[in-house]
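J.: This is coords_39.cif, which holds mmCIF, C-alpha atoms:
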data_query
#
loop_
_atom_site.label_atom_id
_atom_site.label_comp_id
_atom_site.auth_asym_id
_atom_site.auth_seq_id
_atom_site.Cartn_x
_atom_site.Cartn_y
_atom_site.Cartn_z
CA MET M 1 132.23 22.48 54.01
CA PRO M 2 129.11 22.68 51.68
CA GLN M 3 129.62 23.89 48.13
CA ILE M 4 128.33 27.37 47.41
CA LEU M 5 126.05 27.50 44.32
CA THR M 6 124.18 30.28 42.58
CA VAL M 7 120.42 30.28 42.27
CA SER M 8 120.65 29.48 38.57
CA GLU M 9 123.03 26.60 39.27
CA ILE M 10 120.68 25.15 41.83
CA ASN M 11 117.69 25.50 39.50
CA GLY M 12 119.70 23.95 36.68
CA TYR M 13 120.78 21.05 38.85
CA VAL M 14 117.19 20.38 39.97
CA LYS M 15 116.10 20.55 36.34
CA LEU M 16 118.77 18.00 35.42
CA LEU M 17 117.56 15.64 38.15
CA VAL M 18 113.90 16.04 37.14
CA ASP M 19 114.59 15.62 33.42
CA HIS M 20 116.43 12.33 34.05
CA ASP M 21 113.68 10.90 36.23
CA GLU M 22 111.98 8.08 34.29
CA VAL M 23 108.64 8.51 36.09
CA LEU M 24 108.43 12.26 35.44
CA ALA M 25 109.55 11.91 31.81
CA ASP M 26 106.24 10.45 30.69
CA ILE M 27 103.27 10.92 33.01
CA MET M 28 99.51 11.47 32.91
CA CYS M 29 97.90 13.82 35.39
CA LYS M 30 94.22 14.07 36.32
CA GLY M 31 92.68 17.26 37.68
CA GLU M 32 90.51 20.33 37.16
CA ILE M 33 91.57 23.28 34.99
CA SER M 34 91.75 26.73 36.54
CA ASN M 35 93.36 30.06 35.57
CA PHE M 36 93.16 29.07 31.91
CA LYS M 37 94.77 31.52 29.47
CA ARG M 38 95.30 31.31 25.72
CA HIS M 39 98.31 33.44 24.77
CA SER M 40 98.45 35.38 21.50
CA SER M 41 101.33 33.09 20.52
CA GLY M 42 98.94 30.12 20.61
CA HIS M 43 100.42 28.60 23.79
CA LEU M 44 98.03 27.53 26.55
CA TYR M 45 98.76 28.31 30.23
CA PHE M 46 96.67 26.86 33.03
CA THR M 47 96.73 25.22 36.44
CA MET M 48 95.56 21.70 37.24
CA LYS M 49 94.24 21.21 40.73
CA ASP M 50 92.54 18.74 43.01
CA GLU M 51 91.55 18.72 46.66
CA GLY M 52 95.16 18.49 47.84
CA GLY M 53 97.20 20.75 45.58
CA SER M 54 97.83 22.44 42.23
CA LEU M 55 100.27 22.07 39.33
CA MET M 56 101.35 24.69 36.79
CA CYS M 57 100.92 23.55 33.18
CA VAL M 58 101.89 24.81 29.74
CA MET M 59 100.89 23.46 26.31
CA PHE M 60 102.78 24.82 23.31
CA ARG M 61 101.03 25.88 20.11
CA PRO M 62 101.82 22.82 17.90
CA ASP M 63 100.25 20.50 20.49
CA ALA M 64 97.39 22.91 21.25
CA ALA M 65 96.48 23.14 17.55
CA ARG M 66 95.65 19.43 17.52
CA LEU M 67 92.97 19.73 20.20
CA LYS M 68 89.44 18.94 19.06
CA PHE M 69 87.80 20.75 21.97
CA ALA M 70 88.25 24.08 23.73
CA PRO M 71 89.61 23.77 27.32
CA SER M 72 88.08 26.07 29.91
CA ASP M 73 88.08 26.72 33.65
CA GLY M 74 86.31 24.07 35.69
CA MET M 75 86.75 21.33 33.08
CA LYS M 76 88.04 18.02 34.41
CA VAL M 77 90.80 16.69 32.18
CA ILE M 78 93.59 14.14 31.89
CA ALA M 79 96.87 15.67 30.70
CA ALA M 80 99.79 13.75 29.21
CA GLY M 81 103.35 15.10 29.13
CA HIS M 82 106.48 15.44 31.24
CA ILE M 83 107.60 17.39 34.29
CA SER M 84 110.47 19.84 33.99
CA VAL M 85 111.83 22.91 35.74
CA PHE M 86 111.65 26.44 34.37
CA VAL M 87 115.13 27.62 35.46
CA ARG M 88 114.40 31.34 35.40
CA ASP M 89 111.57 31.13 37.94
CA GLY M 90 112.81 28.04 39.76
CA ARG M 91 109.46 26.29 39.47
CA TYR M 92 108.55 22.98 38.05
CA GLN M 93 105.57 22.53 35.73
CA LEU M 94 103.86 20.02 33.53
CA TYR M 95 104.65 20.39 29.84
CA VAL M 96 101.44 19.03 28.26
CA THR M 97 101.56 17.27 24.91
CA ASP M 98 98.02 15.89 24.91
CA LEU M 99 94.80 16.79 26.73
CA GLN M 100 91.60 14.74 27.03
CA PRO M 101 88.35 15.52 28.84
CA ASP M 102 87.96 13.30 31.85
CA GLY M 103 85.05 10.91 31.40
CA ILE M 104 84.31 11.69 27.71
CA GLY M 105 86.44 11.73 24.60
CA ALA M 106 87.93 14.88 23.14
CA LEU M 107 85.97 14.54 19.91
CA TYR M 108 82.73 14.13 21.78
CA ALA M 109 83.48 17.21 23.87
CA ALA M 110 84.27 19.17 20.72
CA PHE M 111 81.04 17.90 19.13
CA GLU M 112 78.95 19.08 22.08
CA GLN M 113 80.68 22.47 22.21
CA ARG M 114 80.22 23.08 18.49
CA LYS M 115 76.63 21.88 18.52
CA GLU M 116 75.74 24.24 21.35
CA ALA M 117 77.46 27.20 19.68
CA LEU M 118 75.77 26.65 16.30
CA MET M 119 72.40 26.03 17.95
CA LYS M 120 72.62 29.36 19.78
CA GLU M 121 73.48 31.01 16.47
CA GLY M 122 70.25 29.65 14.93
CA LEU M 123 71.63 27.16 12.40
CA PHE M 124 69.32 24.42 13.66
CA ASP M 125 66.11 26.48 13.68
CA LEU M 126 63.11 24.72 12.14
CA ALA M 127 61.93 28.00 10.60
CA HIS M 128 64.97 27.99 8.31
CA LYS M 129 64.48 24.45 7.00
CA LYS M 130 63.27 24.13 3.41
CA PRO M 131 60.55 21.65 2.38
CA ILE M 132 61.65 18.53 0.53
CA PRO M 133 60.05 18.41 -2.96
CA ALA M 134 57.39 15.71 -3.25
CA ILE M 135 58.60 14.46 -6.65
CA PRO M 136 62.11 15.78 -7.44
CA GLU M 137 63.10 15.55 -11.09
CA LYS M 138 66.87 15.86 -10.51
CA ILE M 139 68.86 14.77 -7.44
CA ALA M 140 72.53 15.40 -6.62
CA LEU M 141 74.47 12.86 -4.53
CA VAL M 142 77.34 14.58 -2.73
CA THR M 143 79.39 11.61 -1.55
CA SER M 144 82.41 9.45 -2.23
CA PRO M 145 82.25 7.94 -5.73
CA THR M 146 83.80 4.65 -4.58
CA GLY M 147 82.03 3.89 -1.29
CA ALA M 148 79.15 1.53 -0.67
CA ALA M 149 76.92 4.48 0.22
CA VAL M 150 76.73 5.84 -3.33
CA ARG M 151 75.88 2.39 -4.71
CA ASP M 152 73.16 1.93 -2.11
CA MET M 153 71.63 5.32 -2.87
CA ILE M 154 71.69 4.77 -6.64
CA ARG M 155 70.13 1.33 -6.21
CA VAL M 156 67.33 2.53 -3.94
CA LEU M 157 66.58 5.60 -6.08
CA GLY M 158 66.49 3.50 -9.25
CA LYS M 159 64.16 0.98 -7.66
CA ARG M 160 61.78 3.47 -6.04
CA PHE M 161 61.63 6.17 -8.70
CA PRO M 162 63.69 5.54 -11.86
CA ALA M 163 62.30 8.68 -13.54
CA ALA M 164 64.51 10.88 -11.33
CA LYS M 165 67.78 11.99 -12.91
CA LEU M 166 70.89 11.59 -10.75
CA LEU M 167 74.00 13.76 -10.57
CA VAL M 168 76.91 12.31 -8.57
CA CYS M 169 79.24 14.96 -7.16
CA PRO M 170 82.39 13.03 -6.14
CA VAL M 171 84.03 14.32 -2.95
CA PRO M 172 86.16 12.80 -0.16
CA VAL M 173 84.08 12.12 2.93
CA GLN M 174 86.90 11.33 5.36
CA GLY M 175 90.27 12.79 6.23
CA GLU M 176 91.76 16.25 6.45
CA GLY M 177 90.15 18.79 4.08
CA ALA M 178 87.13 16.63 3.22
CA ALA M 179 84.71 19.05 4.90
CA GLU M 180 86.02 21.94 2.78
CA GLN M 181 85.55 19.97 -0.46
CA MET M 182 82.01 18.93 0.48
CA ALA M 183 81.26 22.57 1.32
CA ARG M 184 82.56 23.70 -2.08
CA ALA M 185 80.33 21.13 -3.81
CA LEU M 186 77.28 22.43 -1.94
CA ASN M 187 78.16 26.04 -2.73
CA TYR M 188 78.50 25.18 -6.43
CA LEU M 189 75.14 23.40 -6.55
CA SER M 190 73.49 26.27 -4.67
CA ARG M 191 74.78 28.80 -7.21
CA LYS M 192 74.07 26.81 -10.39
CA LYS M 193 70.86 25.11 -9.21
CA PRO M 194 71.06 22.15 -11.62
CA VAL M 195 69.01 19.91 -9.26
CA ASP M 196 65.90 20.00 -7.07
CA LEU M 197 67.36 18.09 -4.09
CA ILE M 198 70.75 17.21 -2.59
CA ILE M 199 71.62 14.09 -0.58
CA LEU M 200 74.81 14.48 1.46
CA GLY M 201 75.94 11.13 2.74
CA ARG M 202 78.44 8.42 3.56
CA GLY M 203 78.44 5.04 5.27
CA GLY M 204 78.92 4.38 8.96
CA GLY M 205 82.10 4.57 10.98
CA SER M 206 83.61 5.76 14.22
CA ILE M 207 83.30 9.33 15.44
CA GLU M 208 86.75 9.94 13.97
CA ASP M 209 85.59 8.61 10.57
CA LEU M 210 82.51 10.84 10.59
CA TRP M 211 84.25 13.88 12.04
CA GLN M 212 84.34 15.85 8.78
CA PHE M 213 80.55 16.06 8.96
CA ASN M 214 80.94 17.90 12.28
CA GLU M 215 83.14 20.66 10.87
CA GLU M 216 81.79 24.20 11.01
CA VAL M 217 82.63 25.00 7.37
CA LEU M 218 80.32 22.21 6.18
CA ALA M 219 77.57 23.18 8.61
CA ARG M 220 77.54 26.75 7.29
CA ALA M 221 77.54 25.54 3.67
CA ILE M 222 74.46 23.38 4.36
CA TYR M 223 72.75 26.30 6.12
CA ALA M 224 73.45 28.68 3.22
CA CYS M 225 72.50 26.21 0.47
CA GLU M 226 69.39 27.33 -1.41
CA ILE M 227 68.55 23.77 -2.47
CA PRO M 228 66.98 21.40 0.11
CA VAL M 229 69.58 19.09 1.66
CA ILE M 230 69.04 15.60 3.15
CA SER M 231 71.82 14.52 5.52
CA ALA M 232 72.32 10.73 5.28
CA VAL M 233 75.46 10.04 7.30
CA GLY M 234 76.47 6.83 9.04
CA HIS M 235 74.16 4.36 10.76
CA GLU M 236 70.91 5.07 12.60
CA PRO M 237 72.49 5.85 16.02
CA ASP M 238 75.04 8.22 14.51
CA PHE M 239 74.39 11.94 14.75
CA THR M 240 76.54 14.67 13.23
CA ILE M 241 76.36 18.46 13.08
CA ALA M 242 75.31 18.08 9.44
CA ASP M 243 72.19 16.19 10.58
CA PHE M 244 71.07 19.09 12.77
CA VAL M 245 71.64 21.76 10.09
CA ALA M 246 70.20 19.83 7.13
CA ASP M 247 66.59 20.27 6.04
CA LEU M 248 65.96 16.57 6.73
CA ARG M 249 67.97 13.92 8.58
CA ALA M 250 68.05 10.32 7.31
CA ALA M 251 69.23 7.40 9.44
CA THR M 252 71.39 5.92 6.66
CA PRO M 253 72.27 6.68 3.02
CA SER M 254 69.67 4.14 1.88
CA ASN M 255 67.07 5.81 4.11
CA GLY M 256 68.05 9.16 2.62
CA ALA M 257 67.25 7.81 -0.85
CA GLU M 258 63.92 6.46 0.42
CA LEU M 259 62.99 9.85 1.88
CA ALA M 260 64.04 11.68 -1.29
CA VAL M 261 61.60 10.11 -3.74
CA PRO M 262 58.18 8.44 -3.63
CA ASP M 263 57.88 4.70 -4.25
CA ARG M 264 56.68 4.21 -7.80
CA ASN M 265 54.45 1.28 -6.79
CA GLU M 266 52.80 3.33 -4.05
CA LEU M 267 52.53 6.27 -6.44
CA TYR M 268 50.92 4.02 -9.06
CA ILE M 269 48.40 2.77 -6.51
CA SER M 270 47.64 6.33 -5.40
CA LEU M 271 47.14 7.43 -9.01
CA LYS M 272 44.97 4.41 -9.73
CA ASN M 273 42.81 5.15 -6.68
CA ALA M 274 42.57 8.78 -7.72
CA ASP M 275 41.58 7.70 -11.24
CA ALA M 276 38.86 5.42 -9.85
CA HIS M 277 37.60 8.19 -7.60
CA LEU M 278 37.48 10.68 -10.47
CA SER M 279 35.73 8.14 -12.70
CA ALA M 280 33.09 7.55 -10.03
CA LEU M 281 32.56 11.29 -9.62
CA LEU M 282 32.29 11.73 -13.40
CA THR M 283 29.81 8.83 -13.73
CA SER M 284 27.68 10.28 -10.94
CA ARG M 285 27.78 13.73 -12.53
CA LEU M 286 26.84 12.37 -15.96
CA ALA M 287 23.89 10.45 -14.48
CA SER M 288 22.73 13.58 -12.70
CA GLU M 289 23.00 15.68 -15.86
CA ARG M 290 21.21 13.02 -17.96
CA LYS M 291 18.34 13.04 -15.48
CA ARG M 292 18.19 16.82 -15.60
CA LEU M 293 18.28 16.77 -19.40
CA SER M 294 15.44 14.22 -19.47
CA GLU M 295 13.35 16.42 -17.19
CA LEU M 296 14.01 19.48 -19.30
CA SER M 297 13.32 17.69 -22.60
CA SER M 298 9.86 16.67 -21.35
CA ARG M 299 8.84 20.29 -21.05
CA LYS M 300 6.73 21.66 -23.97
CA ALA M 301 8.92 24.74 -24.22
CA LEU M 302 11.90 22.57 -25.19
CA ALA M 303 10.02 19.82 -27.05
CA THR M 304 8.14 22.38 -29.20
CA PRO M 305 10.07 25.66 -29.32
CA LEU M 306 7.09 27.55 -30.93
CA TYR M 307 4.92 26.57 -27.95
CA ARG M 308 6.60 29.16 -25.82
CA VAL M 309 6.37 31.74 -28.62
CA ASN M 310 2.65 31.08 -29.08
CA GLU M 311 2.13 31.38 -25.33
CA GLN M 312 3.79 34.75 -25.40
CA ARG M 313 1.71 35.79 -28.41
CA LEU M 314 -1.49 34.95 -26.55
CA LEU M 315 -0.22 36.87 -23.55
CA LEU M 316 0.62 39.80 -25.82
CA ASP M 317 -2.89 39.77 -27.34
CA TYR M 318 -4.40 39.69 -23.87
CA HIS M 319 -2.35 42.67 -22.75
CA GLU M 320 -3.14 44.50 -25.98
CA LYS M 321 -6.89 44.04 -25.47
CA SER M 322 -6.60 45.03 -21.85
CA ILE M 323 -4.69 48.19 -22.72
CA THR M 324 -7.11 49.06 -25.56
CA SER M 325 -10.12 48.59 -23.30
CA SER M 326 -8.56 50.72 -20.61
CA LEU M 327 -7.76 53.46 -23.12
CA GLU M 328 -11.29 53.40 -24.53
CA LYS M 329 -12.76 53.73 -21.04
CA LEU M 330 -10.36 56.55 -20.30
CA LEU M 331 -11.19 58.36 -23.55
CA ALA M 332 -14.93 57.94 -22.99
CA GLY M 333 -14.64 59.45 -19.56
CA LYS M 334 -12.58 62.32 -20.87
CA LYS M 335 -15.09 62.89 -23.70
CA GLN M 336 -18.03 63.06 -21.31
CA ARG M 337 -16.15 65.50 -19.14
CA PHE M 338 -15.26 67.57 -22.21
CA ILE M 339 -18.89 67.70 -23.29
CA GLY M 340 -19.97 68.83 -19.82
CA LEU M 341 -17.35 71.52 -19.67
CA SER M 342 -18.21 72.70 -23.19
CA ALA M 343 -21.88 73.05 -22.25
CA ARG M 344 -20.99 75.08 -19.21
CA ILE M 345 -18.67 77.29 -21.27
CA GLU M 346 -21.34 77.65 -23.96
CA ALA M 347 -23.89 78.71 -21.38
CA LEU M 348 -21.57 81.40 -20.14
CA SER M 349 -20.56 82.61 -23.61
CA PRO M 350 -21.64 86.15 -24.70
CA LEU M 351 -22.56 84.68 -28.08
CA ALA M 352 -25.24 82.62 -26.42
CA VAL M 353 -26.64 85.81 -24.90
CA LEU M 354 -26.64 87.49 -28.33
CA GLY M 355 -28.60 84.54 -29.70
CA ARG M 356 -31.40 85.36 -27.35
CA GLY M 357 -31.83 88.90 -28.88
CA TYR M 358 -29.42 90.86 -26.77
CA ALA M 359 -26.65 93.20 -28.12
CA ILE M 360 -23.25 94.26 -26.81
CA ALA M 361 -22.21 97.90 -27.06
CA SER M 362 -18.51 98.75 -27.03
CA LYS M 363 -16.23 101.63 -27.79
CA GLU M 364 -12.76 101.04 -29.10
CA GLY M 365 -12.99 97.33 -28.07
CA HIS M 366 -14.04 98.03 -24.50
CA PRO M 367 -17.55 97.13 -23.42
CA ILE M 368 -19.79 100.06 -22.42
CA LEU M 369 -21.07 99.62 -18.91
CA SER M 370 -22.50 103.14 -18.41
CA PRO M 371 -23.74 106.00 -20.67
CA ARG M 372 -21.99 108.53 -18.57
CA GLY M 373 -19.15 110.31 -20.22
CA PHE M 374 -20.53 110.05 -23.73
CA LYS M 375 -21.40 113.16 -25.83
CA PRO M 376 -23.88 113.35 -28.59
CA GLY M 377 -22.31 112.20 -31.84
CA ASP M 378 -19.82 109.75 -30.24
CA LEU M 379 -19.57 106.57 -32.32
CA ILE M 380 -20.11 103.21 -30.66
CA THR M 381 -20.07 99.61 -31.95
CA ILE M 382 -23.10 97.41 -31.52
CA ARG M 383 -22.55 93.57 -31.65
CA VAL M 384 -25.59 91.41 -32.35
CA LYS M 385 -25.96 87.68 -33.11
CA GLU M 386 -25.37 87.92 -36.82
CA GLY M 387 -22.83 90.79 -36.94
CA SER M 388 -22.09 94.31 -35.76
CA PHE M 389 -22.77 97.93 -36.83
CA THR M 390 -21.77 101.44 -35.79
CA ALA M 391 -24.19 103.77 -34.09
CA SER M 392 -24.05 107.41 -32.95
CA PHE M 393 -24.70 108.34 -29.31
CA VAL M 394 -27.65 110.82 -29.08
CA GLU M 395 -28.40 111.26 -25.41
CA GLU M 396 -28.52 109.47 -22.09
CA ASN M 397 -31.89 107.99 -21.23
CA LYS M 398 -32.58 109.12 -17.74
CA GLU M 399 -35.50 106.76 -17.33
CA ASN M 400 -33.14 103.81 -17.41
CA GLU M 401 -31.64 104.93 -14.12
CA LYS M 402 -34.99 104.53 -12.53
#
Mind converting the file's structure to structure tokens?

T.:
Amino acid sequence: MPQILTVSEINGYVKLLVDHDEVLADIMCKGEISNFKRHSSGHLYFTMKDEGGSLMCVMFRPDAARLKFAPSDGMKVIAAGHISVFVRDGRYQLYVTDLQPDGIGALYAAFEQRKEALMKEGLFDLAHKKPIPAIPEKIALVTSPTGAAVRDMIRVLGKRFPAAKLLVCPVPVQGEGAAEQMARALNYLSRKKPVDLIILGRGGGSIEDLWQFNEEVLARAIYACEIPVISAVGHEPDFTIADFVADLRAATPSNGAELAVPDRNELYISLKNADAHLSALLTSRLASERKRLSELSSRKALATPLYRVNEQRLLLDYHEKSITSSLEKLLAGKKQRFIGLSARIEALSPLAVLGRGYAIASKEGHPILSPRGFKPGDLITIRVKEGSFTASFVEENKENEK
């Protein structure tokens, strides 16, 4: 007769069988993620599926915290872990300890996800990038103090432009926490502003070696830095998030130093050419001014300063004579007119009439025009050429009316 077991006993027995299976104890499973959920506890719950079936999966927080990328629905992955049975529900599931994108590495997937997110946020915008100074006086090297990169940069800077002063800010460029320390160095330089330019760099390496330059904390520090930043990380094919955020990307640390300062030999040649050009311009200008001076010195007004004065004196005399002549003509005309008017006035004057033997009779200053109204004995004044006298009215002469 079969043994009677409880549900829990059956589930426990199946779990025991599954847990002791060597194949299921350490497996890798390939499939597509669906129903992905990130619990508040930090655990990840999802289903892996393919054309023929599906498998429940769980990834606990300690393992999930080590992921370099963010899993999502539709992503094809390869999961590593073991199969076990969850007794309470009587279902088996894959307990995932590691998760990799299928076809690309986890770090590369994380790089692409972070790059896309920061690009959408505007950290790569060209409008935000600051111009690199043409001739920086002080340059800060934010890099490892012991690596080959710092020696290469110092060598190139010293050879190209030894006048620039260098400030080495020693920081780790690899390993956990390196991004935070590089970010702190940039924040310090941005606040204090002791330099004109910053070169952030390190030598080449794998994507794991360069990963600290892909961290978000460093990207935001570069973006917020008020001093221009050149990113000089790795070899020419290597690209990091820092390259996209920086004001200028250099292929290598040595290239970063080359881009930071002008070559003193090229600068000397440029200055020499500029000096020759200015000398030629000055020589041409001097020749032109000498010619002009020679032309001016040949003029009598400059050769004999009184010549111009005498010319003006002659001109003044001419104008004086002209004005005098004009005034004399004007006065003569006015005089003739005056004489004519005087003669006319003289002819009309009562005194002229008196000179011809006539007299003017008046009473109380008013001329007498008629004898009417006078009475015998009225006194009247008689004005003649050589004076006046008083007469007495006798009678009206009637014959005068006729």

J.: Using the chain letters and numbers from this file, what does the PyMOL selection byres ((chain M and resi 255-272) around 6) select? Give the answer as a PyMOL selection string.

T.: chain M and resi 153+157+160-161+232+250-254+273-275

J.: Pick the closest to Gly387 in chain M from M:Pro136, M:Pro367, M:Pro162, M:Gly355: which is it, counting only C-alpha atoms?

T.: M:Gly355

J.: Suppose you want the space between CA of Ala110 in chain M and CA of Met48 in chain M; what is it in Å?

T.: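 That distance, rounded to one decimal, is 20.2 Å.
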
J.: To one decimal place, how far is CA of Gln174 in chain M from CA of Leu200 in chain M in Å?

T.: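 Result for CA of Gln174 in chain M versus CA of Leu200 in chain M: 13.1 Å, one decimal.
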
J.: Residues at most 10 Å from Ser388 in chain M, counting all atoms listed in the file, excluding those fewer than 5 positions away in the same chain, as number ranges by chain?

T.: M: 359-361, 381-383

J.: Which residues match the PyMOL selection byres ((chain M and resi 115-129) around 10) in the file above, as a list in words?

T.: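 Taken on the displayed file, the PyMOL selection byres ((chain M and resi 115-129) around 10) yields the residues Ala109, Ala110, Phe111, Glu112, Gln113, Arg114, Lys130, Pro131, Ile132, Asn214, Glu216, Ala219, Arg220, Ile222, Tyr223, Ala224, Pro228, Val229, Thr240, Ile241, Ala242, Asp243, Phe244, Val245, Ala246, Asp247 and Leu248 of chain M.
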
J.: How would you write, as a PDB file with C-alpha atoms, in the frame of the given file, the residues chosen by the PyMOL selection byres ((chain M and resi 26) around 9) on this structure?

T.:
ATOM      1  CA  GLU M  22     111.980   8.080  34.290  1.00  0.00           C
ATOM      2  CA  VAL M  23     108.640   8.510  36.090  1.00  0.00           C
ATOM      3  CA  LEU M  24     108.430  12.260  35.440  1.00  0.00           C
ATOM      4  CA  ALA M  25     109.550  11.910  31.810  1.00  0.00           C
ATOM      5  CA  ILE M  27     103.270  10.920  33.010  1.00  0.00           C
ATOM      6  CA  MET M  28      99.510  11.470  32.910  1.00  0.00           C
ATOM      7  CA  ALA M  80      99.790  13.750  29.210  1.00  0.00           C
ATOM      8  CA  GLY M  81     103.350  15.100  29.130  1.00  0.00           C
ATOM      9  CA  HIS M  82     106.480  15.440  31.240  1.00  0.00           C
ATOM     10  CA  ILE M  83     107.600  17.390  34.290  1.00  0.00           C
TER      11      ILE M  83
END

J.: At a cut-off of 10 Å, using all atoms listed in the file, what residues contact Pro371 in chain M? Leave out same-chain residues fewer than 5 positions from it and give the result as a VMD selection string.

T.: chain M and resid 393 395 to 398
